[in-house]
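*Asks:* Starting off with a structure, shown below.
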Amino acid sequence: MRITFLGAADTVTGSRHLVEIGGRRVLLDCGMFQGFKVFRERNWTPPEPALHGLDAVVLSHAHLDHCGWLPVLMRHCAPASVYASPATRDLAEVLLLDSAHLQEEDARRANRLGYSRHAKALPLYTTAEARRTIGRIRALEPGVAHALDGAAPVPARARAHAAATVRGQATAPAPSPSAAATTAAGAADTTRAAGPWAEAEPAAGTSRRRGGSRQGGVQVELTPAGHLLGACSVTLRAGGETLVYSGDLGRSADLLMPPPRRITRADVLIIESTYGNRRHPAEDPAERLGAIIRSTIDHGGSVLLPSFAVGRAQALLLVLQRLKAAGTLPRGLPIFLDSPMAAQATALYRSHRDLLRVDGGEIEGLLDGVRVVTTPAESARLSRLRYPAVIISASGMATGGRVLHHLKALAPDARHHIVFAGFQVAGSRGARLVAGATEVKIHGEYVPVRAAVTHLEGFSGHADRDELMAWLRGFRTPPRQTFVVHGDPEASDTLRMRIQDELGWAVRVPAHGSTFEP
Ligand SMILES: [Zn+2]
């Protein structure tokens, strides 16, 4: 087994872990870098030679730092298959299209206003490219082992003896018609680069084209991780070896999602460390949010909730509905959801409600009395509101999207309150505001910040340091090697030390671009 860490290895974004296992090359996640410019610039670097001719990409979940670079990879490399859970595929469609749209808009604005440093600003990828990418994602049912190249699950009998028999297993289950079409398309447009990896493994691509005599050699299994609708950990098995990649892990008591499912066995483990050095506050974030909104509207101000459109917006809506039902907030308090993507995602949360821990009635009622703002003109009018209101708008770290117009309008006025309800990656506008910035640059101009700014970390969708340790304790035997990724350096190293000291496991924090044969 060989692993190369091509992202999320010295930062919390850009998850891309290349795993060579059982003669196959699989990329776990294909995330976009976010935050500091030095990281964002990596998005513009063409894929490494190692990423050409991949057998598969497996997505853990639909957040852009895990799937947002897929259209770029597709443009250059065309991996044979892309897999994700059904809900992740649905959410990825919403997120990737929005991402492409935002980039096209930003490029247009930069060109119009002339604030790009480049002669002509270009989007990282277009809506058309995002659409083509989405068409390539194949859904894998969680909780079942699948042969990597087949769409159908591995039969239970084969699965029970997976570790012992996988090398000799020669037959892949017959793919479904749509999967066959995807595979054919994948084989047709796969171009193998003459990079070192392609030379080292010439048989992988040819065997697939010849009918896949080596198919079924690697199994993939998704395990619900609680972090976001559809989010899963990924297990790869081949030749008696098991690699587990945690993806992003959720909390034991999330508002919407059940806790992450435990995994008991791994020879090699890759674990995230977003909150590797922090504990979530014990306070109830809903209560705190209720108090903030109450006092802000009593003083004639409005509350702006920059929010991720997917997951966080639905959690905030749930809390606001509960606060209204409990009488903490006036029933008539205007709530605006200014994010067409959040409205779309809310519909997906409804259609996948069996994956949630909330009862159906509450999910149905998420938008009761909420005004969903659809057009940009309506959104612009909202910035000039003359009465107290609650505005939920994306993006959650105020890095782009409609929330920027609201920030421009509300930040200079001390009556208002801006509440960030999720993780703010270092270098983002949200992180600067939370750290107490007195001015913030938006669309090339400096905006003074006089409104109150609060960070409610209790709404986080990430396991904290103790919840990460609890998930790790679910393994019955220590993995031979554990890698800590997806964290700011201090978070990753703190979790590494805890794993070493409290569990006694072999553990390391890999550097960006490093390769291991654990
Ligand atoms: Zn995530």
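Letters for chains follow the order of the structure tokens (A, B, ...), residue numbers begin at 1 for each chain, and ligand numbers begin at 1 in the order shown.
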Need to verify the contact set: Pro518 (chain A), 7 Å, only C-alpha atoms, exclusion of same-chain residues closer than 3 positions in sequence. Can you return it as a list in words?
*Replies:*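 Counting only the stated atoms, we get Met1, Arg2 and Gln481 of chain A.
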*Asks:* Write a file of the just-selected residues containing N, CA and C atoms, as an mmCIF file, in the first residue's frame.
*Replies:*
data_model
loop_
_atom_site.group_PDB
_atom_site.id
_atom_site.type_symbol
_atom_site.label_atom_id
_atom_site.label_comp_id
_atom_site.auth_asym_id
_atom_site.auth_seq_id
_atom_site.Cartn_x
_atom_site.Cartn_y
_atom_site.Cartn_z
ATOM 1 N N MET A 1 0.848 -1.195 0.000
ATOM 2 C CA MET A 1 0.000 0.000 0.000
ATOM 3 C C MET A 1 0.887 1.251 0.000
ATOM 4 N N ARG A 2 0.490 2.204 -0.814
ATOM 5 C CA ARG A 2 1.256 3.441 -0.859
ATOM 6 C C ARG A 2 0.286 4.618 -0.798
ATOM 7 N N GLN A 481 -0.458 1.903 11.242
ATOM 8 C CA GLN A 481 -0.017 3.303 11.096
ATOM 9 C C GLN A 481 -1.247 4.203 10.997
#
*Asks:* As a PyMOL selection string, please: every protein or nucleic acid residue near ligand 1 (cut-off 8 Å, counting only C-alpha atoms and all ligand atoms).
*Replies:* chain A and resi 61-66+227-228+231+247-248+461-462
*Asks:* Which residue out of A:Gly396, A:Gly487, A:Gly401, A:Gly250 has the minimum interatomic distance to Pro306 (chain A) when only C-alpha atoms are used?
*Replies:*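 Between A:Gly396, A:Gly487, A:Gly401, A:Gly250, the residue approaching Pro306 (chain A) most closely is A:Gly396.
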*Asks:* Give the answer as one residue: which of A:Asn277, A:Gln34, A:Ser60, A:Ser85 has the shortest atom-to-atom distance to Leu355 (chain A), using only C-alpha atoms?
*Replies:*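 Among A:Asn277, A:Gln34, A:Ser60, A:Ser85, it is A:Ser85 that comes nearest to Leu355 (chain A).
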*Asks:* What does the distance from CA of Gly504 (chain A) to CA of Phe483 (chain A) come to in Å, to one decimal?
*Replies:* 13.7 Å
*Asks:* Need to verify the contact set: Leu318 (chain A), 12 Å, only C-alpha atoms, exclusion of same-chain residues closer than 6 positions in sequence. Can you return it as a list in words?
*Replies:*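 The contact residues come out as Asp254, Leu255, Leu256, Ala286, Gly311, Arg312, Lys324, Ala325, Thr346, Tyr349, Val358, Asp359, Gly360, Gly361, Glu362, Ile363, Glu364, Gly365, Leu366, Leu367, Asp368, Val370 and Phe459 of chain A.
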*Asks:* The selected residues should be written to file as a compact mmCIF listing (two decimals), in the first residue's frame (atoms: C-alpha atoms).
*Replies:*
# COMPACT_ATOMS: atom_id res chain seq x y z
CA ASP A 254 -25.66 17.01 16.26
CA LEU A 255 -28.96 18.79 15.65
CA LEU A 256 -29.68 16.96 12.39
CA ALA A 286 -29.51 27.56 20.44
CA GLY A 311 -26.26 21.55 6.59
CA ARG A 312 -25.70 24.65 8.69
CA LYS A 324 -40.30 30.63 17.86
CA ALA A 325 -42.34 27.64 18.99
CA THR A 346 -33.43 22.03 2.36
CA TYR A 349 -32.72 17.20 3.47
CA VAL A 358 -35.07 14.79 13.47
CA ASP A 359 -38.72 13.81 13.19
CA GLY A 360 -40.39 14.26 9.81
CA GLY A 361 -42.76 17.03 10.97
CA GLU A 362 -39.90 19.30 11.97
CA ILE A 363 -38.12 18.72 8.67
CA GLU A 364 -41.33 19.48 6.78
CA GLY A 365 -41.78 22.71 8.76
CA LEU A 366 -38.23 24.11 8.34
CA LEU A 367 -39.39 26.85 5.98
CA ASP A 368 -42.71 27.68 7.70
CA VAL A 370 -39.54 31.87 6.29
CA PHE A 459 -23.20 24.74 15.81
*Asks:* Point out the residue among A:His299, A:Lys408, A:Arg465, A:His486 with the least atom-to-atom distance to Pro448 (chain A), counting only C-alpha atoms.
*Replies:*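 Of the candidates, the smallest distance to Pro448 (chain A) is held by A:Lys408.
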*Asks:* Run DSSP on the backbone of this structure and report the residues of region 215-401 of chain A it assigns to helix (DSSP H, G or I), as a ChimeraX atom specification.
*Replies:* /A:285-298,312-325,340-351,353-355,360-364,376-382
*Asks:* So which one's closest to Ala398 (chain A), A:Gly35, A:Gly300, A:Gly14, A:Pro142? Using only C-alpha atoms, please.
*Replies:*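 Under the stated criterion, the closest residue is A:Gly35.
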*Asks:* Which residue gives the smallest distance to Asp493 (chain A) among A:Leu243, A:His280, A:Ala411, A:Thr11, with only C-alpha atoms counted?
*Replies:*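 The shortest atom-to-atom distance to Asp493 (chain A) comes from A:Thr11.
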*Asks:* Excluding Leu337 (chain A) and its own-chain neighbours fewer than 3 positions away, which residues fall within 7 Å of it when counting only C-alpha atoms? Please give them as a list in words.
*Replies:*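 So the residues in contact are Val370, Arg371, Val372, Val373, Ile391, Ile392 and Ser393 of chain A.
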*Asks:* With C-alpha atoms retained, could you export that selection as a compact mmCIF listing (two decimals), in the first residue's frame?
*Replies:*
# COMPACT_ATOMS: atom_id res chain seq x y z
CA VAL A 370 -39.54 31.87 6.29
CA ARG A 371 -39.22 34.14 3.26
CA VAL A 372 -37.00 32.50 0.70
CA VAL A 373 -35.23 35.16 -1.37
CA ILE A 391 -31.10 37.04 7.55
CA ILE A 392 -29.49 33.69 6.76
CA SER A 393 -27.22 33.98 3.75
*Asks:* One decimal, in Å: what's the spacing between CA of Ile442 (chain A) and CA of Val319 (chain A)?
*Replies:*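 A separation of 29.4 Å between them.
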*Asks:* Report, in Å with one decimal, the straight-line distance from CA of Glu20 (chain A) to CA of Trp505 (chain A).
*Replies:*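 Answer for the CA of Glu20 (chain A) to CA of Trp505 (chain A) separation: 22.7 Å.
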